[in-house]
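Containing mmCIF, C-alpha atoms: structure-v6.cif.
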data_start
loop_
_atom_site.label_atom_id
_atom_site.label_comp_id
_atom_site.auth_asym_id
_atom_site.auth_seq_id
_atom_site.Cartn_x
_atom_site.Cartn_y
_atom_site.Cartn_z
CA MET A 1 3.88 -7.34 20.16
CA TYR A 2 2.04 -9.93 22.22
CA ASN A 3 1.93 -13.44 20.88
CA PHE A 4 -1.15 -14.94 19.19
CA GLU A 5 -2.43 -18.05 17.47
CA PHE A 6 -1.94 -17.96 13.71
CA HIS A 7 -4.48 -19.54 11.35
CA ARG A 8 -4.18 -20.24 7.62
CA PRO A 9 -7.67 -20.94 6.28
CA THR A 10 -8.02 -21.87 2.62
CA SER A 11 -11.64 -20.79 2.21
CA VAL A 12 -13.80 -17.87 3.29
CA GLU A 13 -16.10 -20.29 5.15
CA GLU A 14 -13.17 -21.63 7.15
CA ALA A 15 -12.03 -18.10 7.99
CA ARG A 16 -15.54 -17.18 9.14
CA GLN A 17 -15.63 -20.24 11.39
CA ILE A 18 -12.34 -19.28 13.04
CA LEU A 19 -13.73 -15.79 13.68
CA ALA A 20 -16.88 -17.33 15.16
CA ASP A 21 -14.83 -19.55 17.49
CA ASN A 22 -12.47 -16.80 18.68
CA GLU A 23 -14.03 -13.57 19.78
CA GLU A 24 -10.76 -11.59 19.83
CA ALA A 25 -9.52 -12.88 16.47
CA LYS A 26 -8.59 -10.49 13.69
CA LEU A 27 -8.25 -10.95 9.95
CA ILE A 28 -4.86 -10.13 8.45
CA ALA A 29 -4.51 -9.28 4.76
CA GLY A 30 -1.28 -7.43 3.89
CA GLY A 31 -0.77 -6.37 7.49
CA MET A 32 0.53 -2.91 6.58
CA THR A 33 -1.60 -1.28 9.28
CA LEU A 34 -2.36 -4.18 11.60
CA LEU A 35 1.24 -5.24 12.27
CA PRO A 36 2.48 -1.73 13.19
CA THR A 37 -0.65 -1.35 15.35
CA MET A 38 0.13 -4.62 17.13
CA LYS A 39 3.77 -3.60 17.65
CA MET A 40 2.53 -0.51 19.46
CA ARG A 41 0.14 -2.74 21.41
CA LEU A 42 -2.79 -0.65 20.24
CA ALA A 43 -4.23 -3.98 19.13
CA SER A 44 -3.54 -7.35 20.70
CA PRO A 45 -5.71 -9.99 19.04
CA THR A 46 -5.61 -13.50 20.47
CA ASP A 47 -5.71 -14.96 16.98
CA LEU A 48 -4.69 -13.81 13.52
CA VAL A 49 -6.56 -15.24 10.55
CA ASP A 50 -4.33 -15.02 7.48
CA LEU A 51 -6.40 -14.47 4.31
CA SER A 52 -3.48 -14.97 1.94
CA HIS A 53 -4.14 -18.67 1.27
CA ILE A 54 -7.73 -18.18 0.07
CA GLU A 55 -7.60 -18.43 -3.70
CA SER A 56 -11.00 -16.83 -4.33
CA LEU A 57 -9.74 -13.55 -2.81
CA TYR A 58 -7.30 -12.94 -5.68
CA GLY A 59 -7.64 -11.53 -9.18
CA LEU A 60 -9.07 -8.65 -11.22
CA ARG A 61 -11.70 -9.09 -13.89
CA ASP A 62 -13.67 -7.11 -16.41
CA ALA A 63 -17.34 -7.52 -15.49
CA GLY A 64 -18.81 -5.39 -18.27
CA GLU A 65 -20.02 -2.17 -16.67
CA CYS A 66 -17.55 -2.54 -13.85
CA ILE A 67 -14.18 -3.90 -12.87
CA GLU A 68 -14.22 -6.39 -10.02
CA ILE A 69 -11.12 -6.40 -7.82
CA ALA A 70 -10.77 -9.19 -5.27
CA ALA A 71 -9.97 -8.28 -1.68
CA MET A 72 -6.37 -9.57 -1.56
CA VAL A 73 -5.24 -7.71 -4.70
CA THR A 74 -2.32 -5.45 -3.79
CA HIS A 75 -2.05 -1.74 -4.53
CA ALA A 76 0.88 -2.53 -6.85
CA GLU A 77 -1.28 -4.95 -8.85
CA VAL A 78 -4.06 -2.38 -9.25
CA ALA A 79 -1.54 0.31 -10.22
CA SER A 80 0.09 -1.89 -12.89
CA SER A 81 -3.04 -3.66 -14.20
CA ASP A 82 -3.63 -3.00 -17.92
CA LEU A 83 -7.35 -3.53 -17.35
CA VAL A 84 -7.50 -0.82 -14.67
CA LYS A 85 -5.18 1.51 -16.58
CA ASN A 86 -7.37 1.26 -19.68
CA GLU A 87 -10.82 1.40 -18.08
CA ILE A 88 -10.34 3.51 -14.92
CA PRO A 89 -6.93 5.19 -15.17
CA ALA A 90 -7.75 7.40 -12.17
CA LEU A 91 -7.98 4.28 -10.00
CA ALA A 92 -4.58 2.98 -11.15
CA ASP A 93 -3.16 6.45 -10.51
CA LEU A 94 -4.63 6.50 -7.00
CA ALA A 95 -3.27 3.04 -6.16
CA ASN A 96 0.17 4.13 -7.34
CA GLN A 97 0.16 7.00 -4.83
CA ILE A 98 -0.48 4.86 -1.75
CA GLY A 99 2.37 4.70 0.78
CA ASP A 100 5.67 3.59 -0.75
CA ALA A 101 6.62 0.82 -3.17
CA GLN A 102 6.99 -1.81 -0.46
CA VAL A 103 3.64 -0.94 1.13
CA ARG A 104 2.05 -1.17 -2.33
CA ASN A 105 3.59 -4.63 -2.77
CA ARG A 106 1.95 -5.97 0.41
CA GLY A 107 -1.06 -3.77 1.15
CA THR A 108 -4.43 -4.88 -0.21
CA ILE A 109 -7.64 -3.15 -1.24
CA GLY A 110 -9.73 -5.26 1.13
CA GLY A 111 -7.49 -4.48 4.07
CA SER A 112 -7.47 -0.77 3.34
CA LEU A 113 -11.27 -0.56 3.11
CA ALA A 114 -11.97 -2.69 6.17
CA ASN A 115 -9.60 -0.50 8.19
CA SER A 116 -11.09 2.78 6.88
CA ASP A 117 -8.20 4.96 8.00
CA PRO A 118 -9.27 8.61 7.70
CA ALA A 119 -6.16 9.31 5.58
CA ALA A 120 -6.41 6.25 3.31
CA ASP A 121 -6.73 6.74 -0.45
CA TYR A 122 -9.03 3.89 -1.50
CA PRO A 123 -12.10 5.19 0.36
CA ALA A 124 -12.10 8.23 -1.97
CA ALA A 125 -12.11 5.89 -4.98
CA VAL A 126 -14.87 3.69 -3.60
CA LEU A 127 -17.12 6.67 -2.84
CA GLY A 128 -16.09 8.72 -5.87
CA LEU A 129 -16.72 5.87 -8.32
CA ASN A 130 -19.86 4.62 -6.53
CA ALA A 131 -18.34 1.18 -6.04
CA GLU A 132 -19.96 -1.78 -4.32
CA ILE A 133 -18.31 -3.79 -1.56
CA MET A 134 -19.05 -7.50 -1.98
CA THR A 135 -18.80 -9.41 1.31
CA ASP A 136 -19.38 -13.02 2.34
CA ARG A 137 -23.07 -12.24 2.94
CA ARG A 138 -24.21 -9.15 1.00
CA GLN A 139 -23.25 -6.21 -1.15
CA ILE A 140 -22.78 -2.81 0.43
CA ALA A 141 -23.17 0.43 -1.52
CA ALA A 142 -20.29 2.88 -1.16
CA ASP A 143 -22.62 5.50 0.29
CA GLU A 144 -23.48 3.12 3.14
CA PHE A 145 -20.01 1.73 3.79
CA PHE A 146 -18.01 4.43 5.60
CA VAL A 147 -19.52 5.20 8.98
CA SER A 148 -16.94 7.01 11.11
CA LEU A 149 -13.32 7.00 12.23
CA PHE A 150 -12.02 3.46 11.55
CA GLU A 151 -15.64 2.36 11.46
CA THR A 152 -17.46 0.79 8.50
CA ALA A 153 -20.80 -0.90 7.91
CA LEU A 154 -19.04 -4.29 8.18
CA GLU A 155 -20.16 -6.65 10.94
CA PRO A 156 -17.31 -7.76 13.22
CA ASP A 157 -17.14 -11.16 11.50
CA GLU A 158 -17.92 -10.00 7.96
CA ILE A 159 -15.32 -10.59 5.26
CA ILE A 160 -14.81 -8.40 2.18
CA GLN A 161 -14.48 -10.59 -0.90
CA SER A 162 -14.23 -8.04 -3.69
CA VAL A 163 -14.98 -4.49 -4.78
CA ARG A 164 -16.87 -3.60 -7.96
CA PHE A 165 -15.89 -0.29 -9.51
CA ARG A 166 -18.17 1.19 -12.16
CA LYS A 167 -16.40 2.43 -15.27
CA PRO A 168 -16.76 6.21 -15.33
CA VAL A 169 -16.97 8.46 -18.38
CA ARG A 170 -14.00 10.25 -16.84
CA ALA A 171 -12.44 10.57 -13.41
CA ALA A 172 -9.40 11.97 -11.65
CA TYR A 173 -7.81 11.81 -8.20
CA ALA A 174 -5.80 14.68 -6.76
CA LYS A 175 -3.94 14.23 -3.52
CA PHE A 176 -1.94 16.41 -1.17
CA PRO A 177 0.34 13.84 0.47
CA ASN A 178 2.07 14.17 3.79
CA PRO A 179 5.64 14.71 2.55
CA ALA A 180 7.16 12.05 4.82
CA SER A 181 4.58 9.28 5.09
CA ARG A 182 2.63 9.89 1.85
CA TYR A 183 -0.76 9.53 3.49
CA ALA A 184 -3.51 11.79 2.15
CA VAL A 185 -3.64 15.05 4.10
CA VAL A 186 -6.50 15.59 1.67
CA GLY A 187 -7.40 13.55 -1.41
CA VAL A 188 -10.28 14.27 -3.80
CA MET A 189 -11.72 11.85 -6.35
CA ILE A 190 -14.08 13.31 -8.92
CA SER A 191 -15.96 11.26 -11.49
CA GLU A 192 -18.53 11.67 -14.20
CA LEU A 193 -20.62 8.55 -13.99
CA GLY A 194 -23.92 7.87 -15.75
CA GLY A 195 -24.61 11.58 -16.27
CA SER A 196 -23.89 12.70 -12.73
CA ILE A 197 -20.86 14.14 -10.98
CA ARG A 198 -19.52 12.61 -7.77
CA VAL A 199 -16.99 14.30 -5.50
CA ALA A 200 -15.46 12.18 -2.73
CA ILE A 201 -13.03 13.48 -0.15
CA THR A 202 -10.58 11.57 2.06
CA GLY A 203 -8.12 12.81 4.68
CA ALA A 204 -10.25 15.76 5.75
CA GLY A 205 -12.88 14.20 7.99
CA PRO A 206 -13.24 11.16 10.29
CA CYS A 207 -13.92 9.02 7.20
CA ALA A 208 -14.34 9.57 3.47
CA PHE A 209 -17.40 11.60 2.50
CA ARG A 210 -19.08 13.26 -0.48
CA SER A 211 -19.63 16.98 -0.88
CA ALA A 212 -23.11 17.84 -2.19
CA MET A 213 -22.05 21.47 -2.57
CA LEU A 214 -19.14 20.66 -4.87
CA GLU A 215 -21.20 18.11 -6.80
CA THR A 216 -23.91 20.70 -7.44
CA ALA A 217 -21.44 23.38 -8.48
CA LEU A 218 -19.68 21.05 -10.91
CA SER A 219 -22.95 19.65 -12.27
CA GLU A 220 -23.96 23.18 -13.29
CA ASP A 221 -20.59 24.12 -14.71
CA PHE A 222 -17.87 21.50 -15.01
CA SER A 223 -14.87 23.79 -14.90
CA PRO A 224 -12.22 24.76 -12.35
CA ASP A 225 -13.74 28.26 -12.22
CA ALA A 226 -16.99 26.80 -10.88
CA LEU A 227 -15.16 26.15 -7.60
CA ASP A 228 -13.98 29.74 -7.18
CA GLY A 229 -15.29 31.36 -4.01
CA LEU A 230 -16.64 28.11 -2.55
CA THR A 231 -15.61 27.18 0.97
CA VAL A 232 -16.25 23.91 2.75
CA ASP A 233 -17.13 23.86 6.43
CA ALA A 234 -14.11 22.82 8.53
CA GLU A 235 -16.20 21.72 11.49
CA ASN A 236 -15.32 18.16 12.53
CA PHE A 237 -12.35 18.13 10.16
CA ASN A 238 -9.14 16.38 11.21
CA GLU A 239 -6.34 18.39 12.76
CA ASP A 240 -2.79 17.28 13.37
CA LEU A 241 0.76 18.58 13.57
CA PHE A 242 0.87 19.03 9.80
CA ALA A 243 -2.45 20.62 8.92
CA SER A 244 -5.22 22.46 10.74
CA ALA A 245 -8.89 21.84 10.01
CA GLU A 246 -9.06 25.18 8.15
CA TYR A 247 -6.05 24.27 6.02
CA ARG A 248 -7.61 20.92 5.16
CA ALA A 249 -10.81 22.74 4.15
CA HIS A 250 -8.73 24.94 1.86
CA LEU A 251 -7.01 21.86 0.41
CA VAL A 252 -10.37 20.26 -0.45
CA ILE A 253 -11.11 23.06 -2.93
CA ALA A 254 -7.51 23.14 -4.19
CA MET A 255 -7.40 19.38 -4.82
CA ALA A 256 -10.89 19.41 -6.37
CA LYS A 257 -9.67 22.07 -8.80
CA ARG A 258 -6.63 19.99 -9.70
CA ALA A 259 -8.83 16.98 -10.39
CA VAL A 260 -11.18 19.02 -12.59
CA VAL A 261 -8.25 20.54 -14.49
CA GLU A 262 -7.01 17.02 -15.20
CA MET A 263 -10.46 15.87 -16.32
CA VAL A 264 -11.11 18.72 -18.76
CA ALA A 265 -7.58 18.63 -20.22
CA MET B 266 1.86 -20.18 19.73
CA SER B 267 4.87 -21.20 17.71
CA ALA B 268 5.37 -22.80 14.34
CA THR B 269 7.94 -24.33 12.04
CA VAL B 270 8.50 -22.11 9.04
CA SER B 271 10.09 -23.40 5.85
CA PHE B 272 11.01 -21.28 2.86
CA THR B 273 13.81 -20.67 0.39
CA LEU B 274 16.44 -18.15 1.49
CA ASN B 275 18.80 -17.06 -1.29
CA GLY B 276 18.21 -20.30 -3.13
CA VAL B 277 18.70 -22.56 -0.10
CA SER B 278 15.84 -24.35 1.66
CA VAL B 279 15.67 -23.32 5.31
CA SER B 280 13.44 -24.30 8.19
CA ALA B 281 13.17 -22.77 11.64
CA GLN B 282 11.09 -22.86 14.77
CA VAL B 283 9.62 -19.41 15.50
CA GLU B 284 7.04 -17.78 17.71
CA ASN B 285 4.02 -16.66 15.70
CA ARG B 286 4.88 -13.05 16.55
CA THR B 287 8.47 -13.29 15.28
CA LEU B 288 9.14 -10.74 12.55
CA LEU B 289 10.64 -12.02 9.32
CA VAL B 290 13.64 -9.71 9.73
CA ASP B 291 14.37 -11.10 13.19
CA LEU B 292 14.22 -14.66 11.90
CA ILE B 293 16.60 -13.82 9.07
CA ARG B 294 19.08 -11.93 11.28
CA ASP B 295 18.95 -13.62 14.66
CA GLN B 296 18.14 -17.22 13.86
CA LEU B 297 19.48 -17.63 10.33
CA GLY B 298 22.49 -15.36 10.85
CA GLN B 299 22.09 -13.30 7.69
CA THR B 300 22.76 -9.84 9.11
CA GLY B 301 23.05 -7.91 5.84
CA THR B 302 19.38 -6.98 6.18
CA HIS B 303 19.23 -4.14 8.71
CA VAL B 304 16.68 -2.91 11.22
CA GLY B 305 16.58 0.88 11.24
CA CYS B 306 13.24 2.06 12.56
CA ASP B 307 11.18 -1.11 13.03
CA THR B 308 8.10 0.92 11.99
CA SER B 309 8.14 0.41 8.17
CA GLN B 310 9.39 3.94 7.58
CA CYS B 311 13.10 3.67 6.80
CA GLY B 312 13.52 0.78 4.37
CA ALA B 313 16.79 -0.60 5.82
CA CYS B 314 15.09 -4.01 6.08
CA VAL B 315 13.90 -4.28 2.46
CA ILE B 316 14.19 -7.79 1.00
CA HIS B 317 12.41 -9.60 -1.84
CA VAL B 318 9.62 -12.08 -1.20
CA ASN B 319 8.57 -13.96 -4.33
CA GLY B 320 10.43 -11.40 -6.42
CA ARG B 321 8.89 -8.21 -5.03
CA SER B 322 10.42 -5.82 -2.50
CA VAL B 323 8.87 -5.76 0.97
CA LYS B 324 9.79 -4.40 4.39
CA SER B 325 10.77 -7.43 6.43
CA CYS B 326 10.11 -5.62 9.73
CA THR B 327 6.45 -5.46 8.77
CA MET B 328 5.96 -9.07 7.85
CA LEU B 329 5.65 -12.04 10.17
CA ALA B 330 8.03 -14.96 9.75
CA VAL B 331 4.99 -17.26 9.54
CA GLN B 332 3.74 -15.24 6.55
CA ALA B 333 6.89 -16.20 4.65
CA ALA B 334 6.12 -19.93 4.77
CA GLY B 335 6.51 -21.47 1.32
CA THR B 336 7.90 -18.32 -0.29
CA SER B 337 11.19 -17.55 -1.99
CA VAL B 338 13.17 -14.90 -0.10
CA LEU B 339 16.12 -12.94 -1.48
CA THR B 340 18.33 -10.79 0.76
CA ILE B 341 21.39 -8.67 0.02
CA GLU B 342 23.60 -11.73 0.68
CA GLY B 343 21.99 -13.50 -2.27
CA VAL B 344 22.21 -10.91 -5.03
CA ALA B 345 25.82 -11.71 -6.03
CA PRO B 346 28.03 -14.74 -5.46
CA GLU B 347 30.07 -14.51 -2.25
CA GLU B 348 33.46 -14.88 -3.94
CA GLY B 349 32.47 -13.41 -7.29
CA PRO B 350 32.14 -9.86 -8.58
CA LEU B 351 29.55 -7.46 -7.15
CA LEU B 352 26.33 -6.87 -9.00
CA PRO B 353 26.73 -3.88 -11.38
CA LEU B 354 24.22 -1.96 -9.23
CA GLN B 355 26.36 -2.57 -6.13
CA SER B 356 29.51 -1.40 -7.94
CA ALA B 357 27.63 1.70 -9.08
CA PHE B 358 26.81 2.61 -5.47
CA ARG B 359 30.55 2.52 -4.66
CA ARG B 360 31.55 4.46 -7.77
CA HIS B 361 28.90 7.20 -7.47
CA HIS B 362 29.11 7.83 -3.72
CA GLY B 363 25.76 6.13 -3.19
CA LEU B 364 26.71 5.40 0.41
CA GLN B 365 28.65 6.80 3.29
CA CYS B 366 27.95 4.89 6.51
CA GLY B 367 26.29 2.10 4.54
CA PHE B 368 23.50 1.32 6.96
CA CYS B 369 20.71 1.99 4.46
CA THR B 370 22.54 0.45 1.51
CA PRO B 371 21.22 -3.14 1.60
CA GLY B 372 17.66 -1.81 1.62
CA MET B 373 18.46 0.71 -1.11
CA ILE B 374 19.94 -2.02 -3.32
CA MET B 375 17.04 -4.43 -2.78
CA SER B 376 14.48 -1.69 -3.41
CA ALA B 377 16.28 -0.42 -6.52
CA LEU B 378 16.58 -3.96 -7.92
CA ASP B 379 12.79 -4.27 -7.78
CA LEU B 380 12.48 -0.96 -9.65
CA ILE B 381 15.00 -1.98 -12.33
CA ASP B 382 13.23 -5.31 -12.72
CA GLN B 383 10.03 -3.46 -13.66
CA ASN B 384 11.56 -0.46 -15.39
CA SER B 385 14.98 -1.07 -16.91
CA ASP B 386 15.55 2.60 -17.75
CA PRO B 387 14.10 4.69 -14.90
CA SER B 388 14.32 8.49 -14.98
CA ASP B 389 15.70 10.45 -12.01
CA ALA B 390 12.15 11.37 -11.01
CA GLU B 391 11.03 7.74 -11.17
CA ILE B 392 14.01 6.67 -9.05
CA ARG B 393 13.30 9.34 -6.43
CA THR B 394 9.61 8.43 -6.30
CA TRP B 395 10.38 4.73 -6.01
CA LEU B 396 12.86 5.26 -3.17
CA GLU B 397 10.35 7.19 -1.06
CA GLY B 398 10.34 4.27 1.37
CA ASN B 399 14.12 4.21 1.82
CA LEU B 400 15.79 6.77 4.06
CA CYS B 401 19.47 7.77 3.91
CA ARG B 402 20.84 10.21 6.49
CA CYS B 403 24.32 10.63 4.95
CA THR B 404 24.34 11.18 1.22
CA GLY B 405 21.54 13.61 0.43
CA TYR B 406 20.34 11.07 -2.16
CA ASP B 407 22.05 12.57 -5.23
CA GLY B 408 24.73 9.88 -5.24
CA ILE B 409 22.11 7.19 -4.75
CA VAL B 410 20.04 8.40 -7.70
CA LYS B 411 23.16 8.53 -9.89
CA ALA B 412 24.13 5.05 -8.72
CA VAL B 413 20.72 3.57 -9.51
CA ARG B 414 20.72 5.18 -12.95
CA ALA B 415 24.25 3.92 -13.67
CA GLY B 416 23.43 0.52 -12.21
CA ALA B 417 20.33 0.21 -14.39
CA GLU B 418 22.37 1.17 -17.43
CA ALA B 419 25.06 -1.38 -16.64
CA MET B 420 22.46 -4.07 -16.06
CA ARG B 421 20.77 -3.24 -19.39
CA SER B 422 24.00 -3.80 -21.29
CA ASP B 423 25.07 -6.78 -19.15
CA PRO B 424 21.88 -8.34 -17.74
#

What would you get if you wrote out this structure as structure tokens?
Amino acid sequence: MYNFEFHRPTSVEEARQILADNEEAKLIAGGMTLLPTMKMRLASPTDLVDLSHIESLYGLRDAGECIEIAAMVTHAEVASSDLVKNEIPALADLANQIGDAQVRNRGTIGGSLANSDPAADYPAAVLGLNAEIMTDRRQIAADEFFVSLFETALEPDEIIQSVRFRKPVRAAYAKFPNPASRYAVVGVMISELGGSIRVAITGAGPCAFRSAMLETALSEDFSPDALDGLTVDAENFNEDLFASAEYRAHLVIAMAKRAVVEMVA
Amino acid sequence: MSATVSFTLNGVSVSAQVENRTLLVDLIRDQLGQTGTHVGCDTSQCGACVIHVNGRSVKSCTMLAVQAAGTSVLTIEGVAPEEGPLLPLQSAFRRHHGLQCGFCTPGMIMSALDLIDQNSDPSDAEIRTWLEGNLCRCTGYDGIVKAVRAGAEAMRSDP
């Protein structure tokens, strides 16, 4: 990879200033996507701004109706947190399925969301649990956050500070992983939250999205049978060596069924 | 675009001048001469470069040397005394055919140590899931799983 200046701010304000002073600077959290991308020279920032020395970006806390997870919390910490396991077990389960053990030890929730990889797991949780993204200047509703392929509602110099996940009545995440890399070919998070059903899908489209059709079907009859005969439109779905758009569309229903089966068990 | 990086490597304080883009694994191997940590794929797939940073396993090909400043790093060279007996987990790899060419073994050991640290009695399924990030092209994994189970057992009775 090309060389760069390396900055170690100790506050969010300091990090924001470095971004303001260097147009081609990039934030680095765990670096699990950014470093491989830089090795391939698909990204070559002039400056890296390391968020790991900012104390306020660490920690999980119970905030009553929700759990607040700071941006630099690793997937391994979410997966092993007693708070998350007790209040939103589906979220701990999802975090435990990301990548491999070493990726989970370095990768962070803030980094994953800011990157918005179409095959990332966390976007399904954020949308499926109607979470809020807290940044250095505002809060962004999950429904507004994911815009397109690797594109979010974040401004170029905006910094995620934490994510607030509402505690659902029940929820489950079902994922069909790529057998080698473990990314989500398709992942479906379903939750019952304040009397309504949310269905969020990752892996299938350019970014995570909700399915009104599946939400309606499950609101009328919350059972695996309610999904029988439904088909989702494969237009604009992702296609790669491992799965066609049509196959991904099939997997959406299959994974949704698995999640429902887990929730009614 | 360079920096002096200081950290603890296998219990010894070390300091080195690196470019900001230097990978932690390259610092450890090329500048500090500890070549037990291997580079297999250089794309965070294979796990040959797994080491511990502050007690948790990470892939050292996907971490910058400058990110290790102030941390405590453990590599395969540091898990057992140089002149002393092997760690029970290492002996178990030899006894249970957990290796053939040995290229993946340092990463396997470092990854499995992190597992055993968190789960002293892992099942075969838990071992296989945990080692998803470590590739072996010789053994077919059965010997490795047996070795990790036996190593965990030995370390339970003789921690």

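Nearest-residue note for A:Met255: choosing from A:Asp225, A:Phe6, A:Tyr173, A:Cys207, the minimum distance belongs to A:Tyr173, counting only C-alpha atoms.
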
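Here, the PyMOL selection byres ((chain A) within 6 of (chain B)) matches A:Asn3, A:Glu5, A:Asp100, A:Gln102.
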
Applied to this file, what does the PyMOL selection byres ((chain A and resi 129-137) around 6) return in terms of residues, put as a VMD selection string? chain A and resid 125 to 128 138 to 142 159 to 165

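Atom CA of A:Ala114 to atom CA of A:Thr33 spans 10.9 Å [interatomic distance, one decimal].
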
Residues within 12 Å of A:Leu241, please, as a VMD selection string. Count all atoms listed in the file; anything in the same chain fewer than 4 positions from it doesn't count. chain A and resid 178 185 245 247

Skipping near chain neighbours, those fewer than 3 positions away, what residues fall within 7 Å of A:Leu113 using only C-alpha atoms, listed as number ranges by chain? A: 109-110, 116, 122-123

For the file shown, what are the residues hit by the PyMOL selection byres ((chain B and resi 303) around 8), laid out as a PyMOL selection string? chain B and resi 290+300-302+304-305+313-314+368-369+371-372

Quick one: everything within 7 Å of A:Arg198, counting all atoms listed in the file, minus sequence neighbours fewer than 4 positions away in the same chain. Send it as a ChimeraX atom specification. /A:128,190-192,215
